[in-house]
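Engineer: Contents of coords.cif (mmCIF, C-alpha atoms) are below:
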```cif
data_work
#
loop_
_atom_site.label_atom_id
_atom_site.label_comp_id
_atom_site.auth_asym_id
_atom_site.auth_seq_id
_atom_site.Cartn_x
_atom_site.Cartn_y
_atom_site.Cartn_z
CA MET C 5 23.69 10.05 39.35
CA GLU C 6 26.07 8.71 42.00
CA GLY C 7 25.64 5.20 40.58
CA VAL C 8 26.43 6.44 37.07
CA ALA C 9 29.57 8.22 38.35
CA SER C 10 30.84 5.22 40.31
CA ARG C 11 30.22 2.77 37.43
CA ALA C 12 32.05 5.15 35.08
CA GLY C 13 34.88 5.72 37.60
CA VAL C 14 34.51 9.49 37.50
CA SER C 15 33.36 12.14 39.95
CA LYS C 16 29.71 13.09 40.25
CA GLU C 17 30.73 16.59 39.13
CA THR C 18 32.00 15.16 35.84
CA VAL C 19 28.67 13.42 35.23
CA TYR C 20 26.74 16.63 35.99
CA ARG C 21 29.02 18.59 33.63
CA TRP C 22 27.86 16.37 30.71
CA TRP C 23 24.28 15.68 31.78
CA PRO C 24 22.82 18.36 34.06
CA SER C 25 19.90 16.12 35.05
CA LYS C 26 18.73 12.51 35.41
CA GLY C 27 16.40 13.02 32.45
CA GLU C 28 19.30 13.92 30.20
CA VAL C 29 21.27 10.82 31.24
CA LEU C 30 18.21 8.71 30.38
CA LEU C 31 17.74 10.38 26.97
CA GLU C 32 21.42 9.96 26.11
CA ALA C 33 21.32 6.30 27.16
CA LEU C 34 18.24 5.67 24.99
CA ALA C 35 19.93 7.40 22.05
CA GLU C 36 23.05 5.25 22.50
CA LEU C 37 20.96 2.10 22.77
CA GLY C 38 19.12 2.99 19.56
CA GLN C 39 22.37 3.77 17.77
CA ARG C 40 23.90 0.42 18.78
CA SER C 41 20.93 -1.89 18.32
CA ILE C 42 19.32 -0.39 15.21
CA PRO C 43 21.68 -0.37 12.22
CA ALA C 44 20.71 1.22 8.90
CA PRO C 45 22.42 -1.08 6.39
CA ASP C 46 22.59 -0.32 2.66
CA THR C 47 21.00 -3.46 1.20
CA GLY C 48 20.52 -2.08 -2.31
CA THR C 49 16.76 -1.47 -2.18
CA PHE C 50 14.60 0.90 -0.15
CA ARG C 51 12.21 -1.87 0.88
CA ASN C 52 15.00 -4.00 2.36
CA ASP C 53 16.75 -1.03 3.98
CA LEU C 54 13.51 0.07 5.65
CA SER C 55 12.57 -3.48 6.60
CA ALA C 56 15.94 -4.00 8.34
CA PHE C 57 15.56 -0.71 10.21
CA MET C 58 11.97 -1.39 11.29
CA ARG C 59 12.60 -4.99 12.39
CA ALA C 60 15.65 -3.92 14.42
CA THR C 61 13.51 -1.17 15.98
CA ALA C 62 10.85 -3.72 17.00
CA ARG C 63 13.56 -6.04 18.43
CA ALA C 64 15.09 -3.19 20.46
CA LEU C 65 11.76 -2.52 22.19
CA ASP C 66 12.15 -4.93 25.12
CA PRO C 67 9.93 -4.40 28.19
CA ALA C 68 12.50 -2.31 30.10
CA THR C 69 13.07 -0.03 27.11
CA ARG C 70 9.32 0.38 26.60
CA ARG C 71 8.89 1.43 30.21
CA LEU C 72 11.65 4.02 29.84
CA LEU C 73 10.16 5.33 26.59
CA ARG C 74 6.75 5.67 28.22
CA THR C 75 8.35 7.62 31.06
CA VAL C 76 9.97 9.92 28.49
CA ALA C 77 6.62 10.43 26.74
CA ALA C 78 4.79 11.16 30.01
CA GLN C 79 7.37 13.77 31.00
CA ALA C 80 7.50 15.34 27.51
CA ALA C 81 3.70 15.59 27.41
CA VAL C 82 3.63 17.78 30.51
CA SER C 83 6.89 19.73 30.14
CA ASP C 84 7.94 21.82 27.14
CA ALA C 85 11.46 22.00 28.57
CA PHE C 86 11.80 18.21 28.79
CA SER C 87 10.14 17.86 25.40
CA ALA C 88 12.88 20.07 23.91
CA GLN C 89 15.57 17.99 25.64
CA ALA C 90 14.01 14.78 24.34
CA ARG C 91 14.04 16.17 20.81
CA ALA C 92 17.64 17.35 20.99
CA ARG C 93 19.20 14.44 22.91
CA PHE C 94 17.20 11.48 21.63
CA LEU C 95 14.51 11.96 18.96
CA ALA C 96 16.80 13.93 16.62
CA ARG C 97 19.25 11.03 16.60
CA ARG C 98 16.57 8.46 15.79
CA ARG C 99 15.23 10.75 13.05
CA GLU C 100 18.74 11.11 11.67
CA ALA C 101 19.15 7.32 11.53
CA LEU C 102 15.90 6.81 9.62
CA SER C 103 16.75 9.81 7.43
CA THR C 104 19.84 7.93 6.26
CA VAL C 105 17.58 5.15 5.00
CA LEU C 106 15.14 7.58 3.37
CA GLN C 107 17.88 9.73 1.84
CA ARG C 108 19.25 6.66 0.08
CA ALA C 109 15.81 6.15 -1.49
CA VAL C 110 15.84 9.81 -2.59
CA ASP C 111 19.32 9.30 -4.11
CA ARG C 112 18.01 6.22 -5.97
CA GLY C 113 15.20 8.36 -7.37
CA VAL C 114 12.33 6.37 -5.79
CA LEU C 115 11.34 8.88 -3.09
CA GLU C 116 10.71 12.60 -3.27
CA THR C 117 12.85 14.71 -0.93
CA ASP C 118 9.90 16.59 0.55
CA ARG C 119 8.34 13.31 1.72
CA VAL C 120 11.25 12.60 4.09
CA PRO C 121 10.13 14.65 7.13
CA VAL C 122 6.50 13.50 6.71
CA ILE C 123 7.55 9.84 6.66
CA LEU C 124 9.75 10.35 9.75
CA ASP C 125 6.66 11.63 11.61
CA LEU C 126 4.42 8.83 10.33
CA VAL C 127 6.85 6.03 11.24
CA PHE C 128 7.98 7.26 14.66
CA GLY C 129 4.45 8.51 15.32
CA SER C 130 3.07 5.01 14.78
CA LEU C 131 5.62 3.67 17.28
CA TRP C 132 4.91 6.18 20.07
CA TYR C 133 1.12 6.10 19.54
CA ARG C 134 1.02 2.31 19.84
CA LEU C 135 3.40 2.41 22.81
CA ILE C 136 1.61 5.12 24.83
CA PHE C 137 -1.95 3.96 24.20
CA GLY C 138 -1.36 0.21 23.90
CA ILE C 139 -3.02 0.19 20.47
CA GLY C 140 -1.27 -3.01 19.48
CA PRO C 141 2.04 -4.86 19.63
CA LEU C 142 5.28 -3.33 18.34
CA ASP C 143 6.50 -6.55 16.81
CA ARG C 144 7.78 -7.85 13.49
CA ALA C 145 4.25 -7.81 12.00
CA TRP C 146 3.98 -4.10 12.89
CA ALA C 147 7.45 -3.44 11.43
CA ASP C 148 6.52 -5.21 8.20
CA ALA C 149 3.10 -3.54 7.85
CA VAL C 150 4.66 -0.08 8.26
CA THR C 151 7.44 -0.98 5.81
CA GLU C 152 4.98 -2.16 3.16
CA THR C 153 2.70 0.85 3.52
CA ILE C 154 5.56 3.37 3.43
CA CYS C 155 7.10 1.58 0.43
CA GLU C 156 3.83 2.13 -1.45
CA THR C 157 4.55 5.86 -1.28
CA THR C 158 7.59 5.35 -3.49
CA SER C 159 7.58 4.88 -7.23
CA PRO C 160 9.85 5.61 -10.17
CA PRO C 161 9.30 9.13 -11.63
CA ARG C 162 7.77 7.64 -14.80
CA SER C 163 4.96 5.62 -13.23
CA ARG C 164 4.47 8.37 -10.64
CA SER C 165 3.55 10.95 -13.29
CA ALA C 166 1.43 8.35 -15.10
CA ARG C 167 -0.47 7.87 -11.85
CA SER C 168 -1.03 11.55 -11.20
CA ASP C 169 -2.28 12.01 -14.77
CA GLU C 170 -4.97 9.48 -13.97
CA GLY C 171 -6.14 11.63 -11.07
CA ASP C 172 -7.93 10.30 -8.04
CA ALA C 173 -11.47 9.78 -9.36
CA ARG C 174 -11.49 6.12 -10.28
CA MET Z 7 -17.61 16.71 38.96
CA GLU Z 8 -19.90 19.01 40.96
CA GLY Z 9 -19.57 21.68 38.27
CA VAL Z 10 -20.51 19.19 35.56
CA ALA Z 11 -23.56 18.06 37.56
CA SER Z 12 -24.77 21.59 38.26
CA ARG Z 13 -24.31 22.73 34.64
CA ALA Z 14 -26.23 19.64 33.49
CA GLY Z 15 -28.93 20.12 36.14
CA VAL Z 16 -28.54 16.60 37.49
CA SER Z 17 -27.24 15.11 40.71
CA LYS Z 18 -23.57 14.32 41.20
CA GLU Z 19 -24.62 10.66 41.57
CA THR Z 20 -26.03 10.70 38.03
CA VAL Z 21 -22.77 12.06 36.67
CA TYR Z 22 -20.78 9.39 38.51
CA ARG Z 23 -23.11 6.68 37.20
CA TRP Z 24 -22.11 7.54 33.62
CA TRP Z 25 -18.50 8.57 34.17
CA PRO Z 26 -16.93 6.99 37.24
CA SER Z 27 -13.95 9.40 37.14
CA LYS Z 28 -12.82 12.86 36.01
CA GLY Z 29 -10.61 11.21 33.40
CA GLU Z 30 -13.60 9.56 31.79
CA VAL Z 31 -15.54 12.82 31.62
CA LEU Z 32 -12.55 14.39 29.89
CA LEU Z 33 -12.21 11.54 27.38
CA GLU Z 34 -15.91 11.62 26.57
CA ALA Z 35 -15.80 15.41 26.12
CA LEU Z 36 -12.83 15.11 23.75
CA ALA Z 37 -14.61 12.38 21.78
CA GLU Z 38 -17.74 14.56 21.49
CA LEU Z 39 -15.65 17.57 20.43
CA GLY Z 40 -13.95 15.47 17.74
CA GLN Z 41 -17.26 14.09 16.53
CA ARG Z 42 -18.78 17.56 16.22
CA SER Z 43 -15.85 19.49 14.78
CA ILE Z 44 -14.36 16.90 12.42
CA PRO Z 45 -16.82 15.73 9.78
CA ALA Z 46 -15.98 12.97 7.30
CA PRO Z 47 -17.81 14.11 4.16
CA ASP Z 48 -18.13 11.97 1.03
CA THR Z 49 -16.62 14.27 -1.60
CA GLY Z 50 -16.28 11.63 -4.31
CA THR Z 51 -12.51 11.08 -4.11
CA PHE Z 52 -10.26 9.66 -1.41
CA ARG Z 53 -7.84 12.61 -1.63
CA ASN Z 54 -10.60 15.17 -0.99
CA ASP Z 55 -12.25 13.07 1.72
CA LEU Z 56 -8.95 12.69 3.55
CA SER Z 57 -7.99 16.31 3.02
CA ALA Z 58 -11.28 17.51 4.54
CA PHE Z 59 -10.82 15.20 7.53
CA MET Z 60 -7.19 16.23 8.12
CA ARG Z 61 -7.80 19.96 7.75
CA ALA Z 62 -10.75 19.80 10.15
CA THR Z 63 -8.53 17.86 12.58
CA ALA Z 64 -5.86 20.58 12.41
CA ARG Z 65 -8.52 23.28 12.94
CA ALA Z 66 -9.93 21.48 15.98
CA LEU Z 67 -6.54 21.52 17.70
CA ASP Z 68 -6.83 24.88 19.47
CA PRO Z 69 -4.47 25.58 22.41
CA ALA Z 70 -6.94 24.41 25.09
CA THR Z 71 -7.61 21.14 23.25
CA ARG Z 72 -3.89 20.53 22.78
CA ARG Z 73 -3.30 20.97 26.50
CA LEU Z 74 -6.05 18.46 27.29
CA LEU Z 75 -4.69 15.98 24.74
CA ARG Z 76 -1.20 16.27 26.24
CA THR Z 77 -2.67 15.60 29.69
CA VAL Z 78 -4.38 12.50 28.28
CA ALA Z 79 -1.10 11.31 26.73
CA ALA Z 80 0.87 11.89 29.95
CA GLN Z 81 -1.64 9.91 31.97
CA ALA Z 82 -1.91 7.10 29.38
CA ALA Z 83 1.88 6.79 29.23
CA VAL Z 84 2.10 5.98 32.93
CA SER Z 85 -1.15 4.07 33.50
CA ASP Z 86 -2.31 0.99 31.59
CA ALA Z 87 -5.77 1.41 33.12
CA PHE Z 88 -6.13 4.99 31.86
CA SER Z 89 -4.62 3.98 28.53
CA ALA Z 90 -7.40 1.38 28.14
CA GLN Z 91 -10.03 4.01 29.03
CA ALA Z 92 -8.54 6.43 26.51
CA ARG Z 93 -8.71 3.78 23.80
CA ALA Z 94 -12.29 2.80 24.59
CA ARG Z 95 -13.79 6.23 25.28
CA PHE Z 96 -11.86 8.45 22.88
CA LEU Z 97 -9.30 6.94 20.49
CA ALA Z 98 -11.65 4.24 19.19
CA ARG Z 99 -14.13 6.92 18.14
CA ARG Z 100 -11.50 8.95 16.28
CA ARG Z 101 -10.25 5.75 14.60
CA GLU Z 102 -13.83 4.93 13.62
CA ALA Z 103 -14.27 8.36 12.03
CA LEU Z 104 -11.11 8.06 9.93
CA SER Z 105 -12.02 4.44 9.12
CA THR Z 106 -15.18 5.75 7.45
CA VAL Z 107 -12.99 7.80 5.11
CA LEU Z 108 -10.59 4.90 4.46
CA GLN Z 109 -13.38 2.35 4.00
CA ARG Z 110 -14.84 4.51 1.23
CA ALA Z 111 -11.47 4.32 -0.55
CA VAL Z 112 -11.52 0.52 -0.13
CA ASP Z 113 -15.04 0.44 -1.58
CA ARG Z 114 -13.85 2.53 -4.54
CA GLY Z 115 -11.06 -0.01 -5.11
CA VAL Z 116 -8.15 2.41 -4.55
CA LEU Z 117 -7.04 1.14 -1.12
CA GLU Z 118 -6.37 -2.37 0.14
CA THR Z 119 -8.41 -3.37 3.18
CA ASP Z 120 -5.40 -4.56 5.18
CA ARG Z 121 -3.82 -1.09 4.90
CA VAL Z 122 -6.65 0.52 6.91
CA PRO Z 123 -5.38 -0.18 10.47
CA VAL Z 124 -1.78 0.68 9.49
CA ILE Z 125 -2.87 4.03 8.06
CA LEU Z 126 -4.93 4.79 11.19
CA ASP Z 127 -1.76 4.32 13.27
CA LEU Z 128 0.40 6.38 10.91
CA VAL Z 129 -2.01 9.33 10.76
CA PHE Z 130 -2.98 9.54 14.44
CA GLY Z 131 0.59 8.61 15.38
CA SER Z 132 1.91 11.62 13.47
CA LEU Z 133 -0.55 13.84 15.35
CA TRP Z 134 0.31 12.62 18.87
CA TYR Z 135 4.06 12.46 18.19
CA ARG Z 136 4.15 16.06 16.99
CA LEU Z 137 1.90 17.16 19.86
CA ILE Z 138 3.79 15.42 22.68
CA PHE Z 139 7.30 16.21 21.52
CA GLY Z 140 6.68 19.56 19.81
CA ILE Z 141 8.18 18.22 16.58
CA GLY Z 142 6.37 20.79 14.49
CA PRO Z 143 3.06 22.59 14.04
CA LEU Z 144 -0.22 20.71 13.59
CA ASP Z 145 -1.52 23.08 10.96
CA ARG Z 146 -2.95 22.99 7.47
CA ALA Z 147 0.50 22.35 5.95
CA TRP Z 148 0.84 19.29 8.19
CA ALA Z 149 -2.68 18.12 7.27
CA ASP Z 150 -1.90 18.49 3.56
CA ALA Z 151 1.51 16.79 3.76
CA VAL Z 152 0.00 13.77 5.54
CA THR Z 153 -2.88 13.67 3.06
CA GLU Z 154 -0.53 13.69 0.05
CA THR Z 155 1.78 11.04 1.48
CA ILE Z 156 -1.06 8.72 2.48
CA CYS Z 157 -2.73 9.20 -0.92
CA GLU Z 158 0.48 7.94 -2.56
CA THR Z 159 -0.19 4.58 -0.89
CA THR Z 160 -3.31 4.18 -3.00
CA SER Z 161 -3.46 3.12 -6.64
CA PRO Z 162 -5.84 1.29 -8.94
CA PRO Z 163 -5.34 -2.52 -8.87
CA ARG Z 164 -3.96 -2.48 -12.43
CA SER Z 165 -1.08 -0.03 -11.95
CA ARG Z 166 -0.46 -1.50 -8.50
CA SER Z 167 0.32 -4.98 -9.89
CA ALA Z 168 2.34 -3.43 -12.72
CA ARG Z 169 4.40 -1.68 -10.05
CA SER Z 170 5.02 -4.78 -7.97
CA ASP Z 171 6.10 -6.68 -11.10
CA GLU Z 172 8.79 -4.09 -11.56
CA GLY Z 173 10.13 -4.85 -8.09
CA ASP Z 174 11.96 -2.37 -5.91
CA ALA Z 175 15.48 -2.46 -7.36
CA ARG Z 176 15.48 0.54 -9.64
#
```
Could you show the structure in this file as structure tokens?

Structural biologist:
Amino acid sequence: MEGVASRAGVSKETVYRWWPSKGEVLLEALAELGQRSIPAPDTGTFRNDLSAFMRATARALDPATRRLLRTVAAQAAVSDAFSAQARARFLARRREALSTVLQRAVDRGVLETDRVPVILDLVFGSLWYRLIFGIGPLDRAWADAVTETICETTSPPRSRSARSDEGDAR
Amino acid sequence: MEGVASRAGVSKETVYRWWPSKGEVLLEALAELGQRSIPAPDTGTFRNDLSAFMRATARALDPATRRLLRTVAAQAAVSDAFSAQARARFLARRREALSTVLQRAVDRGVLETDRVPVILDLVFGSLWYRLIFGIGPLDRAWADAVTETICETTSPPRSRSARSDEGDAR
């Protein structure tokens, strides 16, 4: 905390006023990093919007960031209090960023509104699951595979109702 | 470990021969619990197969099991060695169970083979993400929302190619 204060040219008291603990400084820094390195551009199509977001996410996951994220996960898994801080200070901001992308798809009529929170869980879930358990790389191939699979869940209202008329028993 | 040996009526050495550490006993117990409490019945349709699997998963997540899973996640997040054990002893078996459900959909021609590993990550990712960070309940509503969203990624080959011809810019 002293290092943070001296780099920022403020008193340690000022730092503690904003971030009562080291964990909160870390969460805020991760949120800022995400905000800066992962844009959510409006490219005109959901597939390209999501692809840009996912590829930037994969690029932002350098080894130092991964280590910090794993530390956050370890602490959240054992502490409900830290878990709540992680949600409020960090995860909510990443969810908000991806929501922007998904909301645009809703506005274009290719995604149903009630799918948004489910897709947030699926996408960020895939990231944390792979990260914590070393299931596989979090690279461009991962970003693209998630993008393609999530994009399959979208469809124009017309073909969507045609598909549900067909039912599932094919 | 002594308790495990005495309950099983074997020597502590026998227990250690099979599970060199407490962590491995825990992972094996969780894998067994999953195997027993989460069947993967062949109901005739992918939606019903997946729904049965997801609802059984939600039911199996009682408070004691959640606590154990969070302990596993915390340990995996800080230790690559434990993470590898968790994959081999526990996660691989859950992935295999859900793969059975997904492979049936592939065999029925409603799911592409290369989607299987992505969907495994999305589904189990959603579970661990919600569990670790307390994003929301892991209940029947969660099971059903995941089922519906994943089922949207399936379609018969015909309407699938019709949809990709249309492109994404609607």

Engineer: Have a look at atom CA of Arg119 of chain C and atom CA of Tyr135 of chain Z and let me know their distance in Å, one decimal.

Structural biologist: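 That distance, rounded to one decimal, is 17.0 Å.
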
Engineer: Select from segment 116-160 of chain C every residue with an atom at most 12 Å from any atom of segment 56-75 of chain C, then for each give the shortest pair of atoms and their distance in Å to one decimal, using all atoms listed in the file, rows by chain and rising number, as a tab-separated table.

Structural biologist:
```
residue	atom	partner	partner_atom	distance
C:Val127	CA	C:Met58	CA	9.0
C:Phe128	CA	C:Met58	CA	10.1
C:Ser130	CA	C:Met58	CA	11.5
C:Leu131	CA	C:Ala62	CA	9.1
C:Trp132	CA	C:Arg74	CA	8.4
C:Tyr133	CA	C:Arg74	CA	10.4
C:Arg134	CA	C:Arg74	CA	10.7
C:Leu135	CA	C:Arg74	CA	7.1
C:Ile136	CA	C:Arg74	CA	6.2
C:Phe137	CA	C:Arg74	CA	9.7
C:Gly138	CA	C:Arg74	CA	10.7
C:Pro141	CA	C:Ala62	CA	9.3
C:Leu142	CA	C:Ala62	CA	5.7
C:Asp143	CA	C:Ala62	CA	5.2
C:Arg144	CA	C:Arg59	CA	5.7
C:Ala145	CA	C:Arg59	CA	8.8
C:Trp146	CA	C:Ala62	CA	8.0
C:Ala147	CA	C:Met58	CA	5.0
C:Asp148	CA	C:Met58	CA	7.3
C:Ala149	CA	C:Met58	CA	9.8
C:Val150	CA	C:Met58	CA	8.0
C:Thr151	CA	C:Met58	CA	7.1
C:Glu152	CA	C:Met58	CA	10.7
C:Ile154	CA	C:Met58	CA	11.2
```

Engineer: Using only C-alpha atoms, determine which residues lie at most 12 Å from Ala87 of chain Z, disregarding the query and same-chain residues fewer than 3 positions distant; provide the list as a VMD selection string.

Structural biologist: (chain C and resid 136 to 138) or (chain Z and resid 29 to 30 81 to 84 90 to 94)

Engineer: Would you please work out which residue, of Z:Ala103, Z:Ile44, Z:Ala80, Z:Val10, is nearest to chain C when using only C-alpha atoms?

Structural biologist: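 Of Z:Ala103, Z:Ile44, Z:Ala80, Z:Val10, the one nearest chain C is Z:Ala80, counting only C-alpha atoms.
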
Engineer: Compare C:Asp125, C:Glu36, C:Asp118, C:Glu6 by their minimum atom-to-atom distance to chain Z, counting all atoms listed in the file, and give me the closest one.

Structural biologist: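 Using all atoms listed in the file, the shortest distance to chain Z belongs to C:Asp125.
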
Engineer: Report the residues retrieved by the PyMOL selection byres ((chain C and resi 9) around 12) from the displayed file, expressed as number ranges by chain.

Structural biologist: C: 5-8, 10-23, 29

Engineer: Using only C-alpha atoms, determine which residues lie at most 12 Å from Ala46 of chain Z, disregarding the query and same-chain residues fewer than 5 positions distant; provide the list as a list in words.

Structural biologist: Gly40, Gln41, Phe52, Asn54, Asp55, Leu56, Ser57, Ala58, Phe59, Met60, Arg61, Ala62, Thr63, Arg100, Arg101, Glu102, Ala103, Leu104, Ser105, Thr106, Val107, Leu108, Gln109 and Arg110 of chain Z

Engineer: I need the residue nearest chain Z from this list: C:Ala77, C:Ala109, C:Leu31, C:Leu115. Use all atoms listed in the file for the distance.

Structural biologist: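 Counting all atoms listed in the file, the residue closest to chain Z is C:Ala77.
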
Engineer: Since the input is missing atoms for segment 60-73 of chain Z, could you rebuild it with N, CA, C and O atoms and give the result as a PDB file, in the frame of the given file?

Structural biologist:
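Output (result36.pdb):
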```pdb
ATOM      1  N   MET Z  60      -8.449  15.782   7.521  1.00  0.00           N
ATOM      2  CA  MET Z  60      -7.190  16.230   8.120  1.00  0.00           C
ATOM      3  C   MET Z  60      -7.202  17.728   8.421  1.00  0.00           C
ATOM      4  O   MET Z  60      -6.715  18.162   9.465  1.00  0.00           O
ATOM      5  N   ARG Z  61      -7.752  18.513   7.499  1.00  0.00           N
ATOM      6  CA  ARG Z  61      -7.800  19.960   7.750  1.00  0.00           C
ATOM      7  C   ARG Z  61      -8.723  20.285   8.916  1.00  0.00           C
ATOM      8  O   ARG Z  61      -8.416  21.167   9.729  1.00  0.00           O
ATOM      9  N   ALA Z  62      -9.845  19.576   9.018  1.00  0.00           N
ATOM     10  CA  ALA Z  62     -10.750  19.800  10.150  1.00  0.00           C
ATOM     11  C   ALA Z  62     -10.069  19.383  11.458  1.00  0.00           C
ATOM     12  O   ALA Z  62     -10.247  20.032  12.498  1.00  0.00           O
ATOM     13  N   THR Z  63      -9.281  18.308  11.392  1.00  0.00           N
ATOM     14  CA  THR Z  63      -8.530  17.860  12.580  1.00  0.00           C
ATOM     15  C   THR Z  63      -7.570  18.953  13.030  1.00  0.00           C
ATOM     16  O   THR Z  63      -7.510  19.307  14.215  1.00  0.00           O
ATOM     17  N   ALA Z  64      -6.816  19.511  12.081  1.00  0.00           N
ATOM     18  CA  ALA Z  64      -5.860  20.580  12.410  1.00  0.00           C
ATOM     19  C   ALA Z  64      -6.588  21.790  13.020  1.00  0.00           C
ATOM     20  O   ALA Z  64      -6.137  22.367  14.014  1.00  0.00           O
ATOM     21  N   ARG Z  65      -7.741  22.141  12.435  1.00  0.00           N
ATOM     22  CA  ARG Z  65      -8.520  23.280  12.940  1.00  0.00           C
ATOM     23  C   ARG Z  65      -9.031  23.043  14.353  1.00  0.00           C
ATOM     24  O   ARG Z  65      -9.133  23.971  15.155  1.00  0.00           O
ATOM     25  N   ALA Z  66      -9.371  21.794  14.657  1.00  0.00           N
ATOM     26  CA  ALA Z  66      -9.930  21.480  15.980  1.00  0.00           C
ATOM     27  C   ALA Z  66      -8.882  21.555  17.089  1.00  0.00           C
ATOM     28  O   ALA Z  66      -9.226  21.595  18.271  1.00  0.00           O
ATOM     29  N   LEU Z  67      -7.608  21.558  16.701  1.00  0.00           N
ATOM     30  CA  LEU Z  67      -6.540  21.520  17.700  1.00  0.00           C
ATOM     31  C   LEU Z  67      -6.171  22.921  18.220  1.00  0.00           C
ATOM     32  O   LEU Z  67      -5.051  23.391  18.051  1.00  0.00           O
ATOM     33  N   ASP Z  68      -7.137  23.568  18.870  1.00  0.00           N
ATOM     34  CA  ASP Z  68      -6.830  24.880  19.470  1.00  0.00           C
ATOM     35  C   ASP Z  68      -5.986  24.659  20.735  1.00  0.00           C
ATOM     36  O   ASP Z  68      -5.863  23.539  21.213  1.00  0.00           O
ATOM     37  N   PRO Z  69      -5.388  25.740  21.275  1.00  0.00           N
ATOM     38  CA  PRO Z  69      -4.470  25.580  22.410  1.00  0.00           C
ATOM     39  C   PRO Z  69      -5.070  24.819  23.597  1.00  0.00           C
ATOM     40  O   PRO Z  69      -4.391  23.977  24.195  1.00  0.00           O
ATOM     41  N   ALA Z  70      -6.333  25.086  23.932  1.00  0.00           N
ATOM     42  CA  ALA Z  70      -6.940  24.410  25.090  1.00  0.00           C
ATOM     43  C   ALA Z  70      -7.058  22.903  24.813  1.00  0.00           C
ATOM     44  O   ALA Z  70      -6.771  22.080  25.686  1.00  0.00           O
ATOM     45  N   THR Z  71      -7.471  22.549  23.601  1.00  0.00           N
ATOM     46  CA  THR Z  71      -7.610  21.140  23.250  1.00  0.00           C
ATOM     47  C   THR Z  71      -6.256  20.442  23.270  1.00  0.00           C
ATOM     48  O   THR Z  71      -6.125  19.313  23.747  1.00  0.00           O
ATOM     49  N   ARG Z  72      -5.239  21.120  22.752  1.00  0.00           N
ATOM     50  CA  ARG Z  72      -3.890  20.530  22.780  1.00  0.00           C
ATOM     51  C   ARG Z  72      -3.438  20.237  24.198  1.00  0.00           C
ATOM     52  O   ARG Z  72      -2.843  19.197  24.469  1.00  0.00           O
ATOM     53  N   ARG Z  73      -3.704  21.191  25.102  1.00  0.00           N
ATOM     54  CA  ARG Z  73      -3.300  20.970  26.500  1.00  0.00           C
ATOM     55  C   ARG Z  73      -4.004  19.753  27.071  1.00  0.00           C
ATOM     56  O   ARG Z  73      -3.381  18.922  27.740  1.00  0.00           O
TER      57      ARG Z  73
END
```
